[in-house]
file upload22.txt (compact mmCIF, C-alpha atoms)
# COMPACT_ATOMS: atom_id res chain seq x y z
CA MET I 61 -15.77 2.67 17.33
CA TYR I 62 -12.96 1.41 15.09
CA LEU I 63 -10.69 4.34 16.04
CA ALA I 64 -11.45 3.96 19.75
CA ASP I 65 -10.76 0.22 19.62
CA LYS I 66 -7.55 0.87 17.69
CA SER I 67 -6.34 3.46 20.22
CA ILE I 68 -7.06 1.12 23.12
CA GLN I 69 -5.19 -1.70 21.41
CA VAL I 70 -2.18 0.54 20.72
CA ALA I 71 -2.09 1.59 24.39
CA LYS I 72 -2.28 -2.02 25.51
CA ASP I 73 0.52 -3.01 23.13
CA ILE I 74 2.76 -0.24 24.53
CA LEU I 75 2.10 -1.30 28.12
CA ILE I 76 2.79 -4.94 27.27
CA ARG I 77 5.94 -4.22 25.27
CA PHE I 78 7.55 -1.72 27.65
CA PRO I 79 8.55 -4.18 30.42
CA ARG I 80 9.72 -6.65 27.80
CA ARG I 81 11.84 -4.00 26.10
CA VAL I 82 13.44 -3.04 29.41
CA VAL I 83 14.32 -6.69 30.06
CA ARG I 84 15.50 -7.09 26.47
CA PHE I 85 17.71 -3.98 26.76
CA PHE I 86 19.54 -5.33 29.80
CA GLY I 87 19.94 -8.60 27.93
CA PHE I 88 21.38 -6.62 25.04
CA LEU I 89 23.95 -5.00 27.35
CA GLY I 90 25.10 -8.44 28.46
CA GLU I 91 25.31 -9.64 24.86
CA PHE I 92 27.41 -6.63 23.92
CA SER I 93 29.84 -7.27 26.77
CA ARG I 94 30.22 -10.94 25.82
CA PHE I 95 30.63 -10.13 22.13
CA ARG I 96 33.26 -7.49 22.89
CA ARG I 97 35.27 -9.97 24.96
CA LYS I 98 35.23 -12.41 22.03
CA SER I 99 35.96 -9.73 19.43
CA ASP I 100 38.70 -10.47 16.89
CA LYS I 101 39.60 -6.73 16.98
CA ARG I 102 38.68 -6.08 13.32
CA PHE I 103 36.17 -3.43 14.45
CA PRO I 104 36.22 -0.93 17.33
CA MET I 105 33.83 -1.99 20.09
CA ALA I 106 33.00 1.17 22.06
CA TRP I 107 29.85 1.74 24.09
CA GLY I 108 29.28 4.91 22.09
CA GLY I 109 28.86 2.82 18.96
CA ILE I 110 26.01 0.59 20.13
CA TYR I 111 22.84 0.38 18.07
CA PRO I 112 20.24 -1.65 20.01
CA CYS I 113 17.73 -3.54 17.82
CA LEU I 114 15.41 -4.99 20.43
CA ASP I 115 12.45 -6.22 18.36
CA ASP I 116 14.01 -8.27 15.58
CA ALA I 117 14.65 -11.60 17.31
CA THR I 118 11.33 -13.09 16.20
CA GLY I 119 10.33 -16.61 15.29
CA THR I 120 9.03 -15.54 11.89
CA THR I 121 9.70 -12.54 9.64
CA PRO I 122 7.07 -9.85 10.31
CA PHE I 123 5.59 -7.87 7.43
CA ASP I 124 2.74 -5.50 6.63
CA GLN I 125 0.03 -7.73 5.17
CA HIS I 126 -1.51 -4.99 3.01
CA TYR I 127 1.71 -3.65 1.54
CA VAL I 128 3.32 -6.99 0.81
CA TYR I 129 0.33 -8.80 -0.67
CA HIS I 130 -1.27 -6.13 -2.82
CA PRO I 131 1.84 -5.27 -4.91
CA ALA I 132 2.49 -9.01 -5.30
CA TRP I 133 -1.09 -9.45 -6.53
CA ALA I 134 -0.76 -6.58 -9.03
CA ALA I 135 2.66 -7.69 -10.33
CA ARG I 136 1.29 -11.15 -11.07
CA ILE I 137 -1.51 -9.64 -13.13
CA LEU I 138 0.94 -7.52 -15.14
CA ALA I 139 3.05 -10.62 -15.74
CA ARG I 140 -0.06 -12.13 -17.36
CA THR I 141 -1.33 -9.11 -19.30
CA LYS I 142 2.14 -8.03 -20.52
CA PRO I 143 1.24 -4.42 -21.42
CA GLU I 144 3.48 -2.38 -23.71
CA TYR I 145 3.89 0.01 -20.78
CA HIS I 146 2.20 0.61 -17.44
CA VAL I 147 1.20 3.84 -15.66
CA ASP I 148 1.10 3.88 -11.87
CA ILE I 149 -0.48 6.68 -9.88
CA SER I 150 0.93 7.09 -6.37
CA SER I 151 1.06 3.43 -5.33
CA ILE I 152 3.81 2.21 -3.00
CA LEU I 153 7.08 3.10 -4.74
CA SER I 154 8.63 -0.35 -4.50
CA PHE I 155 5.90 -1.69 -6.82
CA SER I 156 7.00 0.50 -9.73
CA THR I 157 10.71 -0.03 -9.12
CA ILE I 158 10.37 -3.82 -9.24
CA VAL I 159 7.80 -4.09 -12.04
CA SER I 160 9.90 -1.77 -14.22
CA ALA I 161 12.42 -4.63 -14.50
CA PHE I 162 10.04 -6.41 -16.90
CA VAL I 163 7.45 -3.78 -17.96
CA PRO I 164 8.25 -0.11 -18.71
CA VAL I 165 6.59 1.92 -15.96
CA ARG I 166 5.66 5.59 -15.75
CA PHE I 167 5.18 6.57 -12.11
CA TYR I 168 3.30 9.72 -11.09
CA ASP I 169 2.70 11.22 -7.66
CA TYR I 170 1.45 14.46 -6.12
CA ARG I 171 4.91 14.51 -4.52
CA PRO I 172 7.26 13.36 -7.32
CA ALA I 173 9.98 10.81 -6.55
CA ASP I 174 13.55 11.48 -7.67
CA LEU I 175 14.10 8.00 -9.09
CA LYS I 176 16.64 7.00 -11.70
CA LEU I 177 16.23 3.42 -12.93
CA SER I 178 16.14 1.85 -16.37
CA GLY I 179 12.59 1.18 -17.51
CA LEU I 180 11.14 3.70 -15.05
CA GLU I 181 10.01 7.28 -15.56
CA SER I 182 8.83 9.46 -12.69
CA ASP I 183 6.94 12.75 -12.75
CA ARG I 184 4.39 14.84 -10.87
CA ALA I 185 0.64 14.43 -11.34
CA ASP I 186 -2.49 15.51 -9.51
CA LEU I 187 -5.06 12.72 -9.35
CA LEU I 188 -7.81 15.29 -9.74
CA ARG I 189 -6.34 16.50 -13.05
CA LEU I 190 -4.35 13.70 -14.63
CA PRO I 191 -2.13 14.86 -17.52
CA PHE I 192 -3.41 12.24 -19.99
CA GLY I 193 -5.94 12.38 -22.79
CA ASP I 194 -9.30 10.68 -22.62
CA GLY I 195 -9.04 6.92 -23.16
CA SER I 196 -5.27 7.02 -23.64
CA VAL I 197 -3.75 4.75 -20.93
CA PRO I 198 -3.78 1.01 -21.72
CA SER I 199 -2.59 -0.25 -18.32
CA LEU I 200 -3.09 1.67 -15.10
CA SER I 201 -2.79 1.17 -11.36
CA CYS I 202 -3.70 3.24 -8.33
CA MET I 203 -3.28 1.25 -5.14
CA HIS I 204 -3.83 2.24 -1.51
CA THR I 205 -4.10 5.86 -2.67
CA ILE I 206 -7.66 6.96 -3.39
CA GLU I 207 -8.69 6.57 0.25
CA HIS I 208 -6.40 9.50 1.16
CA VAL I 209 -7.42 12.00 -1.52
CA GLY I 210 -9.04 15.15 -0.15
CA LEU I 211 -8.11 14.52 3.49
CA GLY I 212 -5.07 16.83 3.47
CA ARG I 213 -2.69 14.16 4.71
CA TYR I 214 -0.17 14.65 1.92
CA GLY I 215 -0.62 18.38 1.43
CA ASP I 216 -3.53 18.04 -0.99
CA PRO I 217 -6.57 20.36 -0.70
CA LEU I 218 -9.40 19.31 1.63
CA ASP I 219 -12.29 17.90 -0.39
CA PRO I 220 -14.89 15.45 0.93
CA GLU I 221 -15.50 14.27 -2.64
CA GLY I 222 -11.82 14.14 -3.59
CA ASP I 223 -11.85 10.35 -3.82
CA LEU I 224 -14.84 10.33 -6.20
CA LYS I 225 -13.23 12.98 -8.40
CA ALA I 226 -10.01 10.96 -8.53
CA ILE I 227 -11.94 7.82 -9.49
CA SER I 228 -13.60 9.75 -12.31
CA GLU I 229 -10.16 10.74 -13.59
CA LEU I 230 -8.94 7.13 -13.54
CA LYS I 231 -12.00 6.06 -15.52
CA ARG I 232 -11.57 8.97 -17.95
CA VAL I 233 -7.96 8.25 -18.92
CA LEU I 234 -8.24 4.44 -19.13
CA LYS I 235 -8.21 3.20 -22.70
CA PRO I 236 -11.15 1.09 -23.93
CA GLY I 237 -10.04 -2.50 -23.39
CA GLY I 238 -7.46 -1.28 -20.87
CA ASP I 239 -6.86 -2.65 -17.38
CA LEU I 240 -7.02 -0.82 -14.06
CA LEU I 241 -5.58 -2.33 -10.87
CA PHE I 242 -7.20 -0.61 -7.91
CA VAL I 243 -6.55 -1.30 -4.22
CA THR I 244 -8.15 0.27 -1.17
CA PRO I 245 -9.09 -0.54 2.44
CA VAL I 246 -12.44 -2.36 2.63
CA GLY I 247 -14.86 -3.25 5.39
CA LYS I 248 -17.58 -1.24 7.09
CA PRO I 249 -17.64 2.21 5.43
CA THR I 250 -15.66 4.53 7.70
CA ILE I 251 -13.61 7.73 7.47
CA ALA I 252 -10.62 8.16 9.76
CA PHE I 253 -9.75 11.81 9.21
CA ASN I 254 -7.12 12.72 8.08
CA ALA I 255 -5.66 9.29 7.45
CA HIS I 256 -7.95 7.29 5.16
CA ARG I 257 -11.39 6.04 4.18
CA ILE I 258 -12.62 2.44 4.33
CA TYR I 259 -15.11 1.35 1.64
CA SER I 260 -17.62 -1.43 1.22
CA TYR I 261 -17.22 -3.81 -1.71
CA GLU I 262 -20.44 -2.46 -3.22
CA GLN I 263 -19.24 1.15 -3.01
CA VAL I 264 -16.07 0.43 -4.96
CA ARG I 265 -17.89 -1.66 -7.55
CA ASP I 266 -20.51 1.04 -8.10
CA PHE I 267 -18.03 3.94 -8.10
CA PHE I 268 -16.16 2.33 -11.02
CA SER I 269 -19.22 1.53 -13.12
CA PRO I 270 -19.35 0.93 -16.10
CA LEU I 271 -15.92 -0.73 -15.87
CA GLU I 272 -16.07 -4.52 -15.76
CA LEU I 273 -14.72 -6.27 -12.68
CA LYS I 274 -12.49 -9.10 -13.84
CA GLU I 275 -11.18 -10.12 -10.42
CA PHE I 276 -11.65 -9.28 -6.77
CA SER I 277 -9.07 -10.47 -4.26
CA LEU I 278 -8.85 -9.74 -0.56
CA VAL I 279 -6.30 -9.47 2.22
CA PRO I 280 -8.59 -10.12 5.22
CA ASP I 281 -7.98 -8.93 8.76
CA SER I 282 -6.70 -12.44 9.55
CA GLY I 283 -3.98 -12.10 6.90
CA GLY I 284 -3.08 -13.91 3.70
CA LEU I 285 -4.26 -13.24 0.16
CA LEU I 286 -7.58 -14.69 -1.00
CA VAL I 287 -7.54 -14.65 -4.81
CA ASN I 288 -11.02 -14.49 -6.37
CA ALA I 289 -12.44 -13.88 -2.90
CA ASP I 290 -16.12 -14.00 -2.00
CA PRO I 291 -17.24 -10.33 -1.83
CA ALA I 292 -19.52 -11.24 1.09
CA LEU I 293 -16.38 -11.53 3.25
CA VAL I 294 -15.79 -7.78 3.07
CA ALA I 295 -18.61 -6.87 5.45
CA ALA I 296 -16.86 -8.82 8.23
CA GLN I 297 -13.57 -6.90 7.92
CA ALA I 298 -12.49 -3.97 10.07
CA TYR I 299 -9.58 -3.00 7.79
CA GLY I 300 -9.26 -5.43 4.91
CA CYS I 301 -7.38 -4.77 1.70
CA GLY I 302 -9.53 -5.02 -1.42
CA CYS I 303 -7.78 -5.70 -4.73
CA PHE I 304 -9.93 -4.93 -7.78
CA TRP I 305 -8.98 -5.67 -11.38
CA PHE I 306 -11.19 -3.62 -13.68
CA ARG I 307 -11.32 -3.54 -17.49
CA LYS I 308 -12.89 -0.76 -19.54
CA PRO I 309 -15.42 -1.99 -22.14
CA GLN I 310 -14.43 -1.57 -25.77

call {"tool": "encode", "arguments": {"input": "upload22.txt", "output": "structure tokens"}}
result
Amino acid sequence: MYLADKSIQVAKDILIRFPRRVVRFFGFLGEFSRFRRKSDKRFPMAWGGIYPCLDDATGTTPFDQHYVYHPAWAARILARTKPEYHVDISSILSFSTIVSAFVPVRFYDYRPADLKLSGLESDRADLLRLPFGDGSVPSLSCMHTIEHVGLGRYGDPLDPEGDLKAISELKRVLKPGGDLLFVTPVGKPTIAFNAHRIYSYEQVRDFFSPLELKEFSLVPDSGGLLVNADPALVAAQAYGCGCFWFRKPQ
């Protein structure tokens, strides 16, 4: 039902936006003509050089709620825990690039990133066979990643239990006393092949046992970040963003 509802909403959005975009485009043509007449001649103003941006004149700055709030949540935790170094597995790349300004970061992905920044190392790793010893990583993150493992979206092998195997690897390599920042879509358990899975709060909590849950925060469907959120809210979400801070017992 979620996918059907989503498809219907996308179709409605296209139908609503199309007439507006046509009107906006003709408005853009008028703006270009007026601007060209006022031009101070520092730049050539040819019709072949136009680059219409028709959706940016908004009253507020739009942003992806999941991918703005969850890295901000994780960075604030690292600012508190101050690890000697941090290992990130396949989270959004901007997280590692920014955090590496104040914590040395080692970034790993199934598809390695050719990044060259001070404080940041980048290499290839398979979440099903992480290249670390048992109990060796003191600070670890894997955010908005596990839900994709085994669905073939990024060229990885098809495996219905790929997510569970990846979770086992995260638990294996985490050092006793170490912290794991884990983020995934939450709500009613659903699989949208080959995009992602959506988990219940209880599934994530149980999958990571015996790690201790230090904090659960939530980006609900309505937006915003609820720090130390009530887990009961998860059941009401269609596609929430669950932020879990786990610690491995000593």

call {"tool": "closest_residue", "arguments": {"input": "upload22.txt", "among": "I:Cys303, I:Leu271, I:Leu138, I:Cys113", "to": "I:Phe155", "atoms": "all atoms listed in the file"}}
result
I:Leu138

call {"tool": "residues_near_point", "arguments": {"input": "upload22.txt", "point": "(1.2, -7.9, 4.8)", "cutoff": "12 Å", "atoms": "all atoms listed in the file", "output": "ChimeraX atom specification"}}
result
/I:121-133,278-285,300-301

call {"tool": "write_last_selection", "arguments": {"input": "upload22.txt", "atoms": "C-alpha atoms", "output": "JSON list (two decimals), in the coordinates of the input"}}
result
[["chain", "number", "residue", "atom", "x", "y", "z"],
["I", 121, "THR", "CA", 9.70, -12.54, 9.64],
["I", 122, "PRO", "CA", 7.07, -9.85, 10.31],
["I", 123, "PHE", "CA", 5.59, -7.87, 7.43],
["I", 124, "ASP", "CA", 2.74, -5.50, 6.63],
["I", 125, "GLN", "CA", 0.03, -7.73, 5.17],
["I", 126, "HIS", "CA", -1.51, -4.99, 3.01],
["I", 127, "TYR", "CA", 1.71, -3.65, 1.54],
["I", 128, "VAL", "CA", 3.32, -6.99, 0.81],
["I", 129, "TYR", "CA", 0.33, -8.80, -0.67],
["I", 130, "HIS", "CA", -1.27, -6.13, -2.82],
["I", 131, "PRO", "CA", 1.84, -5.27, -4.91],
["I", 132, "ALA", "CA", 2.49, -9.01, -5.30],
["I", 133, "TRP", "CA", -1.09, -9.45, -6.53],
["I", 278, "LEU", "CA", -8.85, -9.74, -0.56],
["I", 279, "VAL", "CA", -6.30, -9.47, 2.22],
["I", 280, "PRO", "CA", -8.59, -10.12, 5.22],
["I", 281, "ASP", "CA", -7.98, -8.93, 8.76],
["I", 282, "SER", "CA", -6.70, -12.44, 9.55],
["I", 283, "GLY", "CA", -3.98, -12.10, 6.90],
["I", 284, "GLY", "CA", -3.08, -13.91, 3.70],
["I", 285, "LEU", "CA", -4.26, -13.24, 0.16],
["I", 300, "GLY", "CA", -9.26, -5.43, 4.91],
["I", 301, "CYS", "CA", -7.38, -4.77, 1.70]]

call {"tool": "atom_distance", "arguments": {"input": "upload22.txt", "atom1": "atom CA of I:Ser196", "atom2": "atom CA of I:His146"}}
result
11.6 Å

call {"tool": "residues_near_point", "arguments": {"input": "upload22.txt", "point": "(-10.5, -16.7, -5.5)", "cutoff": "10 Å", "atoms": "all atoms listed in the file", "output": "PyMOL selection string"}}
result
chain I and resi 275-278+285-291

call {"tool": "closest_residue", "arguments": {"input": "upload22.txt", "among": "I:Asp186, I:Asp100, I:Asp115, I:Asp194", "to": "I:Pro217", "atoms": "all atoms listed in the file"}}
result
I:Asp186

call {"tool": "atom_distance", "arguments": {"input": "upload22.txt", "atom1": "atom CA of I:Ile152", "atom2": "atom CA of I:Glu262"}}
result
24.7 Å

call {"tool": "atom_distance", "arguments": {"input": "upload22.txt", "atom1": "atom CA of I:Leu211", "atom2": "atom CA of I:Asn254"}}
result
5.0 Å

call {"tool": "closest_residue", "arguments": {"input": "upload22.txt", "among": "I:Pro245, I:Gly237, I:Pro104, I:Gly90", "to": "I:Pro143", "atoms": "only C-alpha atoms"}}
result
I:Gly237

call {"tool": "closest_atom_pairs", "arguments": {"input": "upload22.txt", "of": "stretch 80-194 of chain I", "to": "stretch 224-227 of chain I", "cutoff": "12 Å", "atoms": "only C-alpha atoms", "output": "JSON lines"}}
result
{"residue": "I:Ile149", "atom": "CA", "partner": "I:Ala226", "partner_atom": "CA", "distance": 10.5}
{"residue": "I:Ser150", "atom": "CA", "partner": "I:Ala226", "partner_atom": "CA", "distance": 11.8}
{"residue": "I:Ala185", "atom": "CA", "partner": "I:Ala226", "partner_atom": "CA", "distance": 11.5}
{"residue": "I:Asp186", "atom": "CA", "partner": "I:Ala226", "partner_atom": "CA", "distance": 8.8}
{"residue": "I:Leu187", "atom": "CA", "partner": "I:Ala226", "partner_atom": "CA", "distance": 5.3}
{"residue": "I:Leu188", "atom": "CA", "partner": "I:Ala226", "partner_atom": "CA", "distance": 5.0}
{"residue": "I:Arg189", "atom": "CA", "partner": "I:Ala226", "partner_atom": "CA", "distance": 8.0}
{"residue": "I:Leu190", "atom": "CA", "partner": "I:Ala226", "partner_atom": "CA", "distance": 8.8}

call {"tool": "closest_residue", "arguments": {"input": "upload22.txt", "among": "I:Leu234, I:Val163, I:Val294, I:Met105", "to": "I:Ile258", "atoms": "all atoms listed in the file"}}
result
I:Val294

call {"tool": "residues_around", "arguments": {"input": "upload22.txt", "residues": "stretch 80-88 of chain I", "least_positions_apart": "4", "cutoff": "9 Å", "atoms": "all atoms listed in the file", "output": "ChimeraX atom specification"}}
result
/I:76,92-93,112-115

call {"tool": "residues_around", "arguments": {"input": "upload22.txt", "residues": "I:Lys248", "least_positions_apart": "6", "cutoff": "9 Å", "atoms": "all atoms listed in the file", "output": "list in words"}}
result
Ile258, Tyr259, Ser260, Val294, Ala295, Ala296, Gln297, Ala298 and Tyr299 of chain I

call {"tool": "closest_residue", "arguments": {"input": "upload22.txt", "among": "I:Leu180, I:Val165, I:Val147, I:Ile137", "to": "I:Lys274", "atoms": "all atoms listed in the file"}}
result
I:Ile137

call {"tool": "closest_residue", "arguments": {"input": "upload22.txt", "among": "I:Gly247, I:Gly210, I:Gly179, I:Pro164", "to": "I:Gly302", "atoms": "only C-alpha atoms"}}
result
I:Gly247

call {"tool": "build_atoms", "arguments": {"input": "upload22.txt", "residues": "stretch 249-261 of chain I", "atoms": "N, CA and C atoms", "output": "PDB file, in the coordinates of the input"}}
result
ATOM      1  N   PRO I 249     -18.002   0.863   5.866  1.00  0.00           N
ATOM      2  CA  PRO I 249     -17.640   2.210   5.430  1.00  0.00           C
ATOM      3  C   PRO I 249     -17.354   3.146   6.604  1.00  0.00           C
ATOM      4  N   THR I 250     -16.140   3.705   6.596  1.00  0.00           N
ATOM      5  CA  THR I 250     -15.660   4.530   7.700  1.00  0.00           C
ATOM      6  C   THR I 250     -14.701   5.585   7.158  1.00  0.00           C
ATOM      7  N   ILE I 251     -14.651   6.751   7.791  1.00  0.00           N
ATOM      8  CA  ILE I 251     -13.610   7.730   7.470  1.00  0.00           C
ATOM      9  C   ILE I 251     -12.821   8.012   8.739  1.00  0.00           C
ATOM     10  N   ALA I 252     -11.524   7.872   8.644  1.00  0.00           N
ATOM     11  CA  ALA I 252     -10.620   8.160   9.760  1.00  0.00           C
ATOM     12  C   ALA I 252      -9.823   9.399   9.369  1.00  0.00           C
ATOM     13  N   PHE I 253     -10.376  10.557   9.636  1.00  0.00           N
ATOM     14  CA  PHE I 253      -9.750  11.810   9.210  1.00  0.00           C
ATOM     15  C   PHE I 253      -8.490  12.066  10.051  1.00  0.00           C
ATOM     16  N   ASN I 254      -7.360  12.474   9.489  1.00  0.00           N
ATOM     17  CA  ASN I 254      -7.120  12.720   8.080  1.00  0.00           C
ATOM     18  C   ASN I 254      -6.274  11.614   7.445  1.00  0.00           C
ATOM     19  N   ALA I 255      -6.474  10.401   7.915  1.00  0.00           N
ATOM     20  CA  ALA I 255      -5.660   9.290   7.450  1.00  0.00           C
ATOM     21  C   ALA I 255      -6.226   8.626   6.190  1.00  0.00           C
ATOM     22  N   HIS I 256      -7.464   8.102   6.273  1.00  0.00           N
ATOM     23  CA  HIS I 256      -7.950   7.290   5.160  1.00  0.00           C
ATOM     24  C   HIS I 256      -9.458   7.066   5.264  1.00  0.00           C
ATOM     25  N   ARG I 257     -10.019   6.525   4.201  1.00  0.00           N
ATOM     26  CA  ARG I 257     -11.390   6.040   4.180  1.00  0.00           C
ATOM     27  C   ARG I 257     -11.358   4.510   4.067  1.00  0.00           C
ATOM     28  N   ILE I 258     -12.426   3.875   4.525  1.00  0.00           N
ATOM     29  CA  ILE I 258     -12.620   2.440   4.330  1.00  0.00           C
ATOM     30  C   ILE I 258     -13.944   2.287   3.588  1.00  0.00           C
ATOM     31  N   TYR I 259     -13.945   1.481   2.510  1.00  0.00           N
ATOM     32  CA  TYR I 259     -15.110   1.350   1.640  1.00  0.00           C
ATOM     33  C   TYR I 259     -15.729  -0.043   1.740  1.00  0.00           C
ATOM     34  N   SER I 260     -17.001  -0.122   1.405  1.00  0.00           N
ATOM     35  CA  SER I 260     -17.620  -1.430   1.220  1.00  0.00           C
ATOM     36  C   SER I 260     -17.289  -1.931  -0.194  1.00  0.00           C
ATOM     37  N   TYR I 261     -17.424  -3.237  -0.383  1.00  0.00           N
ATOM     38  CA  TYR I 261     -17.220  -3.810  -1.710  1.00  0.00           C
ATOM     39  C   TYR I 261     -18.169  -3.165  -2.713  1.00  0.00           C
TER      40      TYR I 261
END
